[in-house]
>>> print(open('final18.txt').read())   # compact mmCIF, N, CA and C atoms
# COMPACT_ATOMS: atom_id res chain seq x y z
N MET X 214 103.03 85.06 142.93
CA MET X 214 102.28 83.96 143.51
C MET X 214 103.21 83.19 144.44
N ARG X 215 102.81 83.12 145.66
CA ARG X 215 103.66 82.46 146.65
C ARG X 215 103.35 80.98 146.83
N ASN X 216 102.06 80.62 146.72
CA ASN X 216 101.73 79.22 146.96
C ASN X 216 100.46 78.81 146.23
N LEU X 217 100.23 77.51 146.23
CA LEU X 217 99.08 76.95 145.53
C LEU X 217 97.76 77.45 146.10
N GLY X 218 97.70 77.66 147.41
CA GLY X 218 96.49 78.16 148.03
C GLY X 218 96.07 79.51 147.48
N GLU X 219 97.04 80.40 147.24
CA GLU X 219 96.73 81.71 146.66
C GLU X 219 96.20 81.56 145.23
N LEU X 220 96.81 80.66 144.47
CA LEU X 220 96.36 80.41 143.11
C LEU X 220 94.93 79.88 143.11
N GLN X 221 94.64 78.94 144.00
CA GLN X 221 93.30 78.37 144.08
C GLN X 221 92.27 79.43 144.50
N LYS X 222 92.68 80.36 145.34
CA LYS X 222 91.78 81.45 145.74
C LYS X 222 91.41 82.31 144.53
N ILE X 223 92.39 82.60 143.68
CA ILE X 223 92.13 83.36 142.46
C ILE X 223 91.23 82.56 141.52
N ASN X 224 91.49 81.24 141.41
CA ASN X 224 90.62 80.38 140.60
C ASN X 224 89.18 80.46 141.08
N LEU X 225 88.99 80.46 142.39
CA LEU X 225 87.64 80.54 142.95
C LEU X 225 86.99 81.88 142.61
N GLU X 226 87.76 82.97 142.67
CA GLU X 226 87.23 84.28 142.28
C GLU X 226 86.79 84.26 140.81
N MET X 227 87.57 83.57 139.97
CA MET X 227 87.23 83.47 138.56
C MET X 227 85.96 82.64 138.36
N LEU X 228 85.82 81.59 139.15
CA LEU X 228 84.61 80.78 139.08
C LEU X 228 83.39 81.61 139.49
N LEU X 229 83.55 82.43 140.51
CA LEU X 229 82.43 83.28 140.94
C LEU X 229 82.05 84.30 139.87
N GLU X 230 83.02 84.81 139.13
CA GLU X 230 82.73 85.72 138.01
C GLU X 230 81.97 84.96 136.92
N THR X 231 82.41 83.75 136.64
CA THR X 231 81.71 82.91 135.66
C THR X 231 80.29 82.64 136.11
N LYS X 232 80.13 82.30 137.38
CA LYS X 232 78.80 82.03 137.94
C LYS X 232 77.90 83.25 137.82
N ARG X 233 78.43 84.42 138.13
CA ARG X 233 77.65 85.66 138.05
C ARG X 233 77.10 85.86 136.64
N ILE X 234 77.97 85.72 135.66
CA ILE X 234 77.56 85.91 134.27
C ILE X 234 76.56 84.84 133.84
N CYS X 235 76.83 83.60 134.20
CA CYS X 235 75.95 82.50 133.80
C CYS X 235 74.57 82.63 134.43
N GLU X 236 74.51 82.96 135.70
CA GLU X 236 73.21 83.09 136.36
C GLU X 236 72.41 84.27 135.79
N LYS X 237 73.09 85.36 135.52
CA LYS X 237 72.42 86.55 134.97
C LYS X 237 71.83 86.27 133.59
N ASN X 238 72.48 85.39 132.83
CA ASN X 238 72.10 85.15 131.44
C ASN X 238 71.51 83.76 131.19
N ASN X 239 71.17 83.07 132.27
CA ASN X 239 70.56 81.74 132.16
C ASN X 239 71.42 80.78 131.32
N ILE X 240 72.71 80.74 131.63
CA ILE X 240 73.66 79.87 130.96
C ILE X 240 74.01 78.73 131.91
N LYS X 241 73.87 77.50 131.41
CA LYS X 241 74.19 76.34 132.24
C LYS X 241 75.67 76.00 132.10
N TYR X 242 76.29 75.63 133.21
CA TYR X 242 77.69 75.21 133.21
C TYR X 242 77.86 74.13 134.26
N PHE X 243 78.98 73.42 134.20
CA PHE X 243 79.22 72.34 135.15
C PHE X 243 80.72 72.13 135.30
N LEU X 244 81.11 71.63 136.45
CA LEU X 244 82.51 71.30 136.68
C LEU X 244 82.84 70.01 135.95
N ILE X 245 84.08 69.90 135.46
CA ILE X 245 84.54 68.69 134.79
C ILE X 245 85.94 68.35 135.29
N GLY X 246 86.40 67.17 134.94
CA GLY X 246 87.77 66.75 135.23
C GLY X 246 88.12 66.80 136.70
N GLY X 247 89.33 67.27 136.97
CA GLY X 247 89.83 67.36 138.33
C GLY X 247 89.02 68.29 139.21
N SER X 248 88.39 69.28 138.61
CA SER X 248 87.56 70.20 139.39
C SER X 248 86.33 69.50 139.95
N LEU X 249 85.74 68.63 139.15
CA LEU X 249 84.59 67.86 139.61
C LEU X 249 85.02 66.86 140.69
N ILE X 250 86.13 66.20 140.47
CA ILE X 250 86.65 65.25 141.47
C ILE X 250 86.95 65.98 142.77
N GLY X 251 87.59 67.14 142.68
CA GLY X 251 87.91 67.92 143.87
C GLY X 251 86.66 68.34 144.63
N ALA X 252 85.64 68.77 143.91
CA ALA X 252 84.40 69.21 144.56
C ALA X 252 83.73 68.06 145.30
N VAL X 253 83.74 66.87 144.70
CA VAL X 253 83.07 65.72 145.31
C VAL X 253 83.93 65.11 146.41
N ARG X 254 85.17 64.83 146.09
CA ARG X 254 86.02 64.07 147.03
C ARG X 254 86.63 64.94 148.12
N HIS X 255 86.99 66.18 147.79
CA HIS X 255 87.70 67.03 148.75
C HIS X 255 86.87 68.22 149.22
N LYS X 256 85.65 68.33 148.71
CA LYS X 256 84.77 69.47 149.06
C LYS X 256 85.44 70.79 148.71
N GLY X 257 86.19 70.80 147.64
CA GLY X 257 86.91 71.99 147.18
C GLY X 257 87.83 71.59 146.04
N PHE X 258 89.08 71.95 146.16
CA PHE X 258 90.08 71.63 145.15
C PHE X 258 90.77 70.32 145.50
N ILE X 259 91.22 69.60 144.48
CA ILE X 259 92.21 68.55 144.71
C ILE X 259 93.43 69.31 145.24
N PRO X 260 94.05 68.85 146.31
CA PRO X 260 95.11 69.64 146.95
C PRO X 260 96.22 70.14 146.01
N TRP X 261 96.52 69.42 144.95
CA TRP X 261 97.62 69.81 144.06
C TRP X 261 97.12 70.44 142.75
N ASP X 262 95.82 70.65 142.60
CA ASP X 262 95.26 71.16 141.35
C ASP X 262 95.52 72.66 141.22
N ASP X 263 95.94 73.09 140.03
CA ASP X 263 96.30 74.49 139.82
C ASP X 263 95.39 75.22 138.84
N ASP X 264 94.24 74.61 138.52
CA ASP X 264 93.27 75.31 137.67
C ASP X 264 91.87 74.77 137.94
N LEU X 265 90.90 75.38 137.29
CA LEU X 265 89.51 74.92 137.34
C LEU X 265 89.10 74.56 135.92
N ASP X 266 88.27 73.54 135.81
CA ASP X 266 87.78 73.09 134.51
C ASP X 266 86.26 73.16 134.52
N ILE X 267 85.71 73.91 133.57
CA ILE X 267 84.27 74.10 133.46
C ILE X 267 83.83 73.62 132.09
N GLY X 268 82.68 72.95 132.04
CA GLY X 268 82.09 72.53 130.79
C GLY X 268 80.79 73.25 130.54
N MET X 269 80.46 73.41 129.26
CA MET X 269 79.18 73.98 128.85
C MET X 269 78.77 73.27 127.57
N LEU X 270 77.47 73.03 127.42
CA LEU X 270 76.99 72.56 126.13
C LEU X 270 77.24 73.67 125.12
N ARG X 271 77.42 73.29 123.87
CA ARG X 271 77.86 74.23 122.83
C ARG X 271 77.00 75.51 122.79
N GLU X 272 75.69 75.37 122.84
CA GLU X 272 74.82 76.55 122.76
C GLU X 272 75.09 77.51 123.92
N ASP X 273 75.26 76.97 125.12
CA ASP X 273 75.57 77.82 126.28
C ASP X 273 76.97 78.41 126.17
N TYR X 274 77.92 77.62 125.67
CA TYR X 274 79.30 78.08 125.48
C TYR X 274 79.33 79.30 124.54
N GLU X 275 78.65 79.18 123.40
CA GLU X 275 78.63 80.29 122.43
C GLU X 275 77.95 81.52 123.03
N LYS X 276 76.88 81.30 123.77
CA LYS X 276 76.18 82.42 124.42
C LYS X 276 77.09 83.07 125.46
N PHE X 277 77.82 82.25 126.23
CA PHE X 277 78.75 82.77 127.23
C PHE X 277 79.81 83.66 126.58
N LEU X 278 80.41 83.17 125.50
CA LEU X 278 81.43 83.96 124.80
C LEU X 278 80.85 85.28 124.32
N SER X 279 79.63 85.25 123.84
CA SER X 279 78.99 86.46 123.32
C SER X 279 78.70 87.47 124.43
N VAL X 280 78.09 87.03 125.52
CA VAL X 280 77.73 87.99 126.58
C VAL X 280 78.97 88.50 127.33
N CYS X 281 80.03 87.72 127.33
CA CYS X 281 81.25 88.15 128.03
C CYS X 281 81.87 89.39 127.38
N LYS X 282 81.59 89.61 126.11
CA LYS X 282 82.14 90.79 125.44
C LYS X 282 81.72 92.07 126.16
N ASP X 283 80.52 92.06 126.73
CA ASP X 283 80.02 93.24 127.43
C ASP X 283 80.04 93.10 128.95
N GLU X 284 79.99 91.88 129.45
CA GLU X 284 79.75 91.69 130.88
C GLU X 284 80.94 91.19 131.69
N LEU X 285 81.96 90.66 131.04
CA LEU X 285 83.11 90.14 131.78
C LEU X 285 83.88 91.29 132.43
N SER X 286 84.22 91.13 133.68
CA SER X 286 85.01 92.12 134.40
C SER X 286 86.31 92.40 133.65
N ASN X 287 86.76 93.64 133.70
CA ASN X 287 88.02 94.02 133.06
C ASN X 287 89.23 93.34 133.69
N ASP X 288 89.04 92.63 134.79
CA ASP X 288 90.14 91.91 135.43
C ASP X 288 90.52 90.64 134.66
N TYR X 289 89.67 90.26 133.69
CA TYR X 289 89.84 88.97 133.01
C TYR X 289 89.89 89.14 131.50
N PHE X 290 90.45 88.12 130.85
CA PHE X 290 90.57 88.08 129.40
C PHE X 290 90.15 86.69 128.94
N LEU X 291 89.22 86.61 127.97
CA LEU X 291 88.86 85.32 127.40
C LEU X 291 89.81 85.02 126.26
N GLN X 292 90.55 83.93 126.42
CA GLN X 292 91.57 83.55 125.45
C GLN X 292 91.10 82.34 124.67
N ASN X 293 91.03 82.51 123.36
CA ASN X 293 90.73 81.40 122.46
C ASN X 293 91.34 81.74 121.10
N LYS X 294 91.07 80.89 120.12
CA LYS X 294 91.69 81.11 118.81
C LYS X 294 91.28 82.43 118.16
N ASP X 295 90.13 82.97 118.58
CA ASP X 295 89.66 84.24 118.02
C ASP X 295 90.29 85.46 118.68
N THR X 296 90.74 85.33 119.91
CA THR X 296 91.28 86.47 120.65
C THR X 296 92.80 86.45 120.80
N ASP X 297 93.41 85.30 120.48
CA ASP X 297 94.86 85.16 120.60
C ASP X 297 95.32 84.21 119.49
N SER X 298 95.91 84.76 118.45
CA SER X 298 96.30 83.96 117.28
C SER X 298 97.34 82.90 117.60
N ASN X 299 98.02 83.02 118.73
CA ASN X 299 99.02 82.02 119.13
C ASN X 299 98.44 80.93 120.03
N PHE X 300 97.16 81.01 120.33
CA PHE X 300 96.51 80.05 121.22
C PHE X 300 96.22 78.77 120.44
N GLY X 301 96.65 77.63 120.96
CA GLY X 301 96.57 76.38 120.21
C GLY X 301 95.57 75.36 120.71
N PHE X 302 94.54 75.79 121.41
CA PHE X 302 93.56 74.84 121.94
C PHE X 302 92.19 75.10 121.30
N CYS X 303 91.30 74.10 121.39
CA CYS X 303 89.96 74.22 120.79
C CYS X 303 88.90 74.55 121.85
N PHE X 304 89.30 75.20 122.90
CA PHE X 304 88.40 75.66 123.95
C PHE X 304 88.84 77.05 124.37
N THR X 305 88.25 77.57 125.43
CA THR X 305 88.57 78.93 125.89
C THR X 305 89.19 78.87 127.28
N LYS X 306 90.12 79.76 127.51
CA LYS X 306 90.66 79.96 128.86
C LYS X 306 90.23 81.35 129.32
N MET X 307 89.82 81.45 130.55
CA MET X 307 89.62 82.77 131.15
C MET X 307 90.90 83.06 131.93
N LEU X 308 91.62 84.09 131.52
CA LEU X 308 92.87 84.47 132.18
C LEU X 308 92.63 85.64 133.12
N LYS X 309 93.30 85.60 134.24
CA LYS X 309 93.32 86.75 135.16
C LYS X 309 94.43 87.67 134.66
N LYS X 310 94.07 88.89 134.30
CA LYS X 310 95.06 89.85 133.81
C LYS X 310 96.08 90.16 134.91
N ASN X 311 97.27 90.53 134.49
CA ASN X 311 98.36 90.92 135.39
C ASN X 311 98.81 89.79 136.31
N THR X 312 98.65 88.55 135.83
CA THR X 312 99.21 87.40 136.54
C THR X 312 100.06 86.63 135.54
N LEU X 313 100.88 85.74 136.05
CA LEU X 313 101.68 84.90 135.18
C LEU X 313 101.69 83.48 135.74
N LEU X 314 101.26 82.56 134.91
CA LEU X 314 101.34 81.14 135.22
C LEU X 314 101.68 80.46 133.91
N ILE X 315 102.80 79.79 133.86
CA ILE X 315 103.23 79.13 132.64
C ILE X 315 103.03 77.63 132.82
N GLU X 316 102.11 77.08 132.03
CA GLU X 316 101.87 75.64 132.10
C GLU X 316 102.74 74.95 131.06
N LYS X 317 103.01 73.67 131.29
CA LYS X 317 103.88 72.92 130.39
C LYS X 317 103.40 72.96 128.95
N ALA X 318 102.09 72.91 128.75
CA ALA X 318 101.53 72.86 127.40
C ALA X 318 101.77 74.13 126.60
N THR X 319 102.07 75.25 127.27
CA THR X 319 102.25 76.51 126.55
C THR X 319 103.62 77.14 126.77
N VAL X 320 104.54 76.41 127.36
CA VAL X 320 105.83 76.99 127.73
C VAL X 320 106.57 77.57 126.52
N THR X 321 106.45 76.94 125.35
CA THR X 321 107.15 77.44 124.16
C THR X 321 106.25 78.27 123.26
N SER X 322 105.01 78.44 123.63
CA SER X 322 104.05 79.20 122.82
C SER X 322 104.18 80.69 123.10
N MET X 323 103.83 81.48 122.12
CA MET X 323 103.82 82.93 122.28
C MET X 323 102.45 83.44 122.76
N CYS X 324 101.55 82.53 123.12
CA CYS X 324 100.22 82.95 123.57
C CYS X 324 100.32 83.65 124.93
N LYS X 325 99.28 84.42 125.25
CA LYS X 325 99.22 85.08 126.56
C LYS X 325 99.21 84.02 127.65
N LYS X 326 99.80 84.36 128.79
CA LYS X 326 99.86 83.42 129.90
C LYS X 326 99.38 84.11 131.17
N GLY X 327 98.79 83.34 132.05
CA GLY X 327 98.31 83.87 133.32
C GLY X 327 97.54 82.80 134.07
N ILE X 328 97.12 83.13 135.26
CA ILE X 328 96.27 82.21 136.02
C ILE X 328 94.97 82.08 135.25
N PHE X 329 94.46 80.85 135.13
CA PHE X 329 93.36 80.61 134.22
C PHE X 329 92.38 79.57 134.75
N ILE X 330 91.20 79.57 134.12
CA ILE X 330 90.28 78.44 134.21
C ILE X 330 89.98 78.03 132.77
N ASP X 331 89.80 76.73 132.56
CA ASP X 331 89.45 76.21 131.24
C ASP X 331 87.94 76.16 131.11
N ILE X 332 87.43 76.60 129.97
CA ILE X 332 86.00 76.55 129.67
C ILE X 332 85.85 75.75 128.38
N VAL X 333 85.29 74.55 128.51
CA VAL X 333 85.29 73.57 127.42
C VAL X 333 83.87 73.37 126.88
N PRO X 334 83.71 73.49 125.54
CA PRO X 334 82.39 73.21 124.97
C PRO X 334 82.17 71.71 124.80
N PHE X 335 80.93 71.29 125.00
CA PHE X 335 80.56 69.89 124.78
C PHE X 335 79.56 69.83 123.64
N ASP X 336 79.85 68.98 122.66
CA ASP X 336 78.97 68.79 121.51
C ASP X 336 78.39 67.38 121.53
N SER X 337 77.18 67.24 121.06
CA SER X 337 76.54 65.93 120.88
C SER X 337 76.60 65.07 122.13
N VAL X 338 76.15 65.59 123.24
CA VAL X 338 76.13 64.84 124.49
C VAL X 338 74.85 64.02 124.54
N PRO X 339 74.97 62.68 124.62
CA PRO X 339 73.76 61.85 124.67
C PRO X 339 73.00 62.04 125.97
N ASN X 340 71.67 62.00 125.91
CA ASN X 340 70.87 62.13 127.12
C ASN X 340 70.25 60.80 127.56
N ASN X 341 70.63 59.73 126.89
CA ASN X 341 70.15 58.40 127.21
C ASN X 341 71.26 57.65 127.96
N PHE X 342 70.96 57.14 129.17
CA PHE X 342 71.99 56.51 129.99
C PHE X 342 72.67 55.35 129.26
N LEU X 343 71.90 54.50 128.58
CA LEU X 343 72.48 53.36 127.87
C LEU X 343 73.42 53.85 126.77
N LEU X 344 73.04 54.90 126.08
CA LEU X 344 73.89 55.46 125.04
C LEU X 344 75.17 56.05 125.63
N VAL X 345 75.06 56.68 126.79
CA VAL X 345 76.25 57.21 127.48
C VAL X 345 77.20 56.08 127.81
N ARG X 346 76.70 55.00 128.39
CA ARG X 346 77.54 53.84 128.76
C ARG X 346 78.19 53.24 127.52
N THR X 347 77.42 53.08 126.44
CA THR X 347 77.96 52.52 125.20
C THR X 347 79.05 53.42 124.64
N THR X 348 78.81 54.72 124.64
CA THR X 348 79.80 55.67 124.15
C THR X 348 81.09 55.58 124.96
N ASN X 349 80.97 55.49 126.27
CA ASN X 349 82.15 55.39 127.12
C ASN X 349 82.90 54.09 126.90
N LEU X 350 82.20 52.99 126.67
CA LEU X 350 82.85 51.71 126.39
C LEU X 350 83.59 51.76 125.06
N LEU X 351 83.01 52.43 124.06
CA LEU X 351 83.67 52.54 122.76
C LEU X 351 84.95 53.35 122.85
N LYS X 352 85.03 54.27 123.80
CA LYS X 352 86.24 55.07 123.98
C LYS X 352 87.40 54.23 124.48
N LEU X 353 87.10 53.13 125.17
CA LEU X 353 88.15 52.26 125.69
C LEU X 353 88.81 51.57 124.54
>>> encode(input="final18.txt", output="C-alpha cells")
Amino acid sequence: MRNLGELQKINLEMLLETKRICEKNNIKYFLIGGSLIGAVRHKGFIPWDDDLDIGMLREDYEKFLSVCKDELSNDYFLQNKDTDSNFGFCFTKMLKKNTLLIEKATVTSMCKKGIFIDIVPFDSVPNNFLLVRTTNLLKL
C-alpha cells in the first residue's frame, strides 16, 4: 500500500461488495461514524480516514453474516469472535485477503490483519424522535 488514496479505493470496493450482497438479500445498512461524516461533508471519505464504518440493525446484521457464508467473494474474510478466536471486538470486520493493515487497537493481538471495513450491529434503536434525543442526552 503506497498511499491513503489506494486504501480508500479498496475500502470502496469492499463497500460495493457489501452493497451487492445487501441489495440481493434485502438487507438494510447505513454509514456510521466518520464514514457518514465523510459522505455528507466531503462527498466521499474524510481525507485522513483509513476505513469504512457500516451499521445494521441486529436482524439485518445476523442475516448478512448468514448469507455471506455462501455469497461473499473469496477476496474477503468476515472476521468476528466466531471466525477468529483472537478477535477482541463485539462487531465484525470485513477484511480484504492478502493485504496488511495494522491498526493501533490490534497491534499486539494475534488476530488476522488487513484492510477492513467495520460492520456494527445496532440493538434497541428507538424510532421515536423524542426518545432518541432523551437517550442521547442521557449518554452525556
>>> atom_distance(input="final18.txt", atom1="atom C of Asn238 (chain X)", atom2="atom N of Tyr274 (chain X)")
10.5 Å
>>> residues_around(input="final18.txt", residues="Ser279 (chain X)", least_positions_apart="4", cutoff="12 Å", atoms="only C-alpha atoms", output="PyMOL selection string")
chain X and resi 234-235+238+240+272-275+283-285+291
>>> atom_distance(input="final18.txt", atom1="atom N of Thr296 (chain X)", atom2="CA of Lys282 (chain X)")
11.6 Å
>>> axis_aligned_box(input="final18.txt", around="region 287-297 of chain X", padding_each_side="6 Å", output="JSON")
{"center_x": 91.0, "center_y": 87.5, "center_z": 126.7, "size_x": 20.6, "size_y": 25.1, "size_z": 29.4}
>>> closest_residue(input="final18.txt", among="X:Thr312, X:Phe277, X:Leu270, X:Asn299", to="Val333 (chain X)", atoms="only N, CA and C atoms")
X:Leu270
>>> closest_residue(input="final18.txt", among="X:Ala252, X:Thr231, X:Lys309, X:Phe258", to="Phe329 (chain X)", atoms="all atoms listed in the file")
X:Lys309
>>> closest_residue(input="final18.txt", among="X:Leu244, X:Ile250, X:Leu308, X:Ile332", to="Asp288 (chain X)", atoms="only C-alpha atoms")
X:Leu308
>>> atom_distance(input="final18.txt", atom1="CA of Ser248 (chain X)", atom2="CA of Asp336 (chain X)")
19.9 Å
>>> closest_residue(input="final18.txt", among="X:Val253, X:Leu220, X:Ile259, X:Met269", to="Phe304 (chain X)", atoms="only C-alpha atoms")
X:Met269
>>> residues_around(input="final18.txt", residues="Asn216 (chain X)", least_positions_apart="3", cutoff="12 Å", atoms="only C-alpha atoms", output="list in words")
Glu219, Leu220, Gln221, Lys222, Ile223, Pro260, Trp261, Asp262, Asp263 and Leu314 of chain X
>>> closest_residue(input="final18.txt", among="X:Asp264, X:Asp331, X:His255, X:Asn239", to="Phe302 (chain X)", atoms="only C-alpha atoms")
X:Asp331
>>> select_by_dssp(input="final18.txt", residues="region 239-293 of chain X", states="alpha helix (DSSP H)", output="MDAnalysis selection string")
chainID X and resid 246:250 271:284
>>> write_last_selection(input="final18.txt", atoms="N, CA and C atoms", output="CSV table (one decimal), in the coordinates of the input")
chain,number,residue,atom,x,y,z
X,246,GLY,N,86.4,67.2,134.9
X,246,GLY,CA,87.8,66.8,135.2
X,246,GLY,C,88.1,66.8,136.7
X,247,GLY,N,89.3,67.3,137.0
X,247,GLY,CA,89.8,67.4,138.3
X,247,GLY,C,89.0,68.3,139.2
X,248,SER,N,88.4,69.3,138.6
X,248,SER,CA,87.6,70.2,139.4
X,248,SER,C,86.3,69.5,140.0
X,249,LEU,N,85.7,68.6,139.2
X,249,LEU,CA,84.6,67.9,139.6
X,249,LEU,C,85.0,66.9,140.7
X,250,ILE,N,86.1,66.2,140.5
X,250,ILE,CA,86.6,65.2,141.5
X,250,ILE,C,87.0,66.0,142.8
X,271,ARG,N,77.4,73.3,123.9
X,271,ARG,CA,77.9,74.2,122.8
X,271,ARG,C,77.0,75.5,122.8
X,272,GLU,N,75.7,75.4,122.8
X,272,GLU,CA,74.8,76.6,122.8
X,272,GLU,C,75.1,77.5,123.9
X,273,ASP,N,75.3,77.0,125.1
X,273,ASP,CA,75.6,77.8,126.3
X,273,ASP,C,77.0,78.4,126.2
X,274,TYR,N,77.9,77.6,125.7
X,274,TYR,CA,79.3,78.1,125.5
X,274,TYR,C,79.3,79.3,124.5
X,275,GLU,N,78.6,79.2,123.4
X,275,GLU,CA,78.6,80.3,122.4
X,275,GLU,C,78.0,81.5,123.0
X,276,LYS,N,76.9,81.3,123.8
X,276,LYS,CA,76.2,82.4,124.4
X,276,LYS,C,77.1,83.1,125.5
X,277,PHE,N,77.8,82.2,126.2
X,277,PHE,CA,78.8,82.8,127.2
X,277,PHE,C,79.8,83.7,126.6
X,278,LEU,N,80.4,83.2,125.5
X,278,LEU,CA,81.4,84.0,124.8
X,278,LEU,C,80.8,85.3,124.3
X,279,SER,N,79.6,85.2,123.8
X,279,SER,CA,79.0,86.5,123.3
X,279,SER,C,78.7,87.5,124.4
X,280,VAL,N,78.1,87.0,125.5
X,280,VAL,CA,77.7,88.0,126.6
X,280,VAL,C,79.0,88.5,127.3
X,281,CYS,N,80.0,87.7,127.3
X,281,CYS,CA,81.2,88.2,128.0
X,281,CYS,C,81.9,89.4,127.4
X,282,LYS,N,81.6,89.6,126.1
X,282,LYS,CA,82.1,90.8,125.4
X,282,LYS,C,81.7,92.1,126.2
X,283,ASP,N,80.5,92.1,126.7
X,283,ASP,CA,80.0,93.2,127.4
X,283,ASP,C,80.0,93.1,129.0
X,284,GLU,N,80.0,91.9,129.4
X,284,GLU,CA,79.8,91.7,130.9
X,284,GLU,C,80.9,91.2,131.7
>>> select_by_dssp(input="final18.txt", residues="region 257-331 of chain X", states="strand (DSSP E or B)", output="number ranges by chain")
X: 265-270, 289-292, 305-309, 329-331
>>> write_last_selection(input="final18.txt", atoms="N, CA and C atoms", output="compact mmCIF listing (two decimals), in the coordinates of the input")
# COMPACT_ATOMS: atom_id res chain seq x y z
N LEU X 265 90.90 75.38 137.29
CA LEU X 265 89.51 74.92 137.34
C LEU X 265 89.10 74.56 135.92
N ASP X 266 88.27 73.54 135.81
CA ASP X 266 87.78 73.09 134.51
C ASP X 266 86.26 73.16 134.52
N ILE X 267 85.71 73.91 133.57
CA ILE X 267 84.27 74.10 133.46
C ILE X 267 83.83 73.62 132.09
N GLY X 268 82.68 72.95 132.04
CA GLY X 268 82.09 72.53 130.79
C GLY X 268 80.79 73.25 130.54
N MET X 269 80.46 73.41 129.26
CA MET X 269 79.18 73.98 128.85
C MET X 269 78.77 73.27 127.57
N LEU X 270 77.47 73.03 127.42
CA LEU X 270 76.99 72.56 126.13
C LEU X 270 77.24 73.67 125.12
N TYR X 289 89.67 90.26 133.69
CA TYR X 289 89.84 88.97 133.01
C TYR X 289 89.89 89.14 131.50
N PHE X 290 90.45 88.12 130.85
CA PHE X 290 90.57 88.08 129.40
C PHE X 290 90.15 86.69 128.94
N LEU X 291 89.22 86.61 127.97
CA LEU X 291 88.86 85.32 127.40
C LEU X 291 89.81 85.02 126.26
N GLN X 292 90.55 83.93 126.42
CA GLN X 292 91.57 83.55 125.45
C GLN X 292 91.10 82.34 124.67
N THR X 305 88.25 77.57 125.43
CA THR X 305 88.57 78.93 125.89
C THR X 305 89.19 78.87 127.28
N LYS X 306 90.12 79.76 127.51
CA LYS X 306 90.66 79.96 128.86
C LYS X 306 90.23 81.35 129.32
N MET X 307 89.82 81.45 130.55
CA MET X 307 89.62 82.77 131.15
C MET X 307 90.90 83.06 131.93
N LEU X 308 91.62 84.09 131.52
CA LEU X 308 92.87 84.47 132.18
C LEU X 308 92.63 85.64 133.12
N LYS X 309 93.30 85.60 134.24
CA LYS X 309 93.32 86.75 135.16
C LYS X 309 94.43 87.67 134.66
N PHE X 329 94.46 80.85 135.13
CA PHE X 329 93.36 80.61 134.22
C PHE X 329 92.38 79.57 134.75
N ILE X 330 91.20 79.57 134.12
CA ILE X 330 90.28 78.44 134.21
C ILE X 330 89.98 78.03 132.77
N ASP X 331 89.80 76.73 132.56
CA ASP X 331 89.45 76.21 131.24
C ASP X 331 87.94 76.16 131.11
>>> closest_residue(input="final18.txt", among="X:Asn293, X:Ser337, X:Gly257, X:Ile330", to="Leu228 (chain X)", atoms="all atoms listed in the file")
X:Ile330
>>> decode(input="final18.txt", residues="region 226-244 of chain X", atoms="C-alpha atoms", output="tab-separated table (two decimals), in the first residue's frame")
chain	number	residue	atom	x	y	z
X	226	GLU	CA	-14.58	-1.87	-3.46
X	227	MET	CA	-15.45	-3.56	-0.16
X	228	LEU	CA	-18.45	-1.28	0.29
X	229	LEU	CA	-19.65	-2.20	-3.20
X	230	GLU	CA	-19.38	-5.91	-2.32
X	231	THR	CA	-21.39	-5.24	0.84
X	232	LYS	CA	-23.95	-3.29	-1.20
X	233	ARG	CA	-24.25	-6.13	-3.73
X	234	ILE	CA	-24.98	-8.69	-1.03
X	235	CYS	CA	-27.35	-6.41	0.88
X	236	GLU	CA	-29.38	-5.43	-2.18
X	237	LYS	CA	-29.64	-9.04	-3.37
X	238	ASN	CA	-30.90	-10.16	0.05
X	239	ASN	CA	-32.98	-7.13	1.07
X	240	ILE	CA	-30.64	-6.24	3.95
X	241	LYS	CA	-30.67	-2.66	5.18
X	242	TYR	CA	-27.37	-0.98	6.08
X	243	PHE	CA	-26.18	2.56	6.71
X	244	LEU	CA	-22.96	4.51	7.08
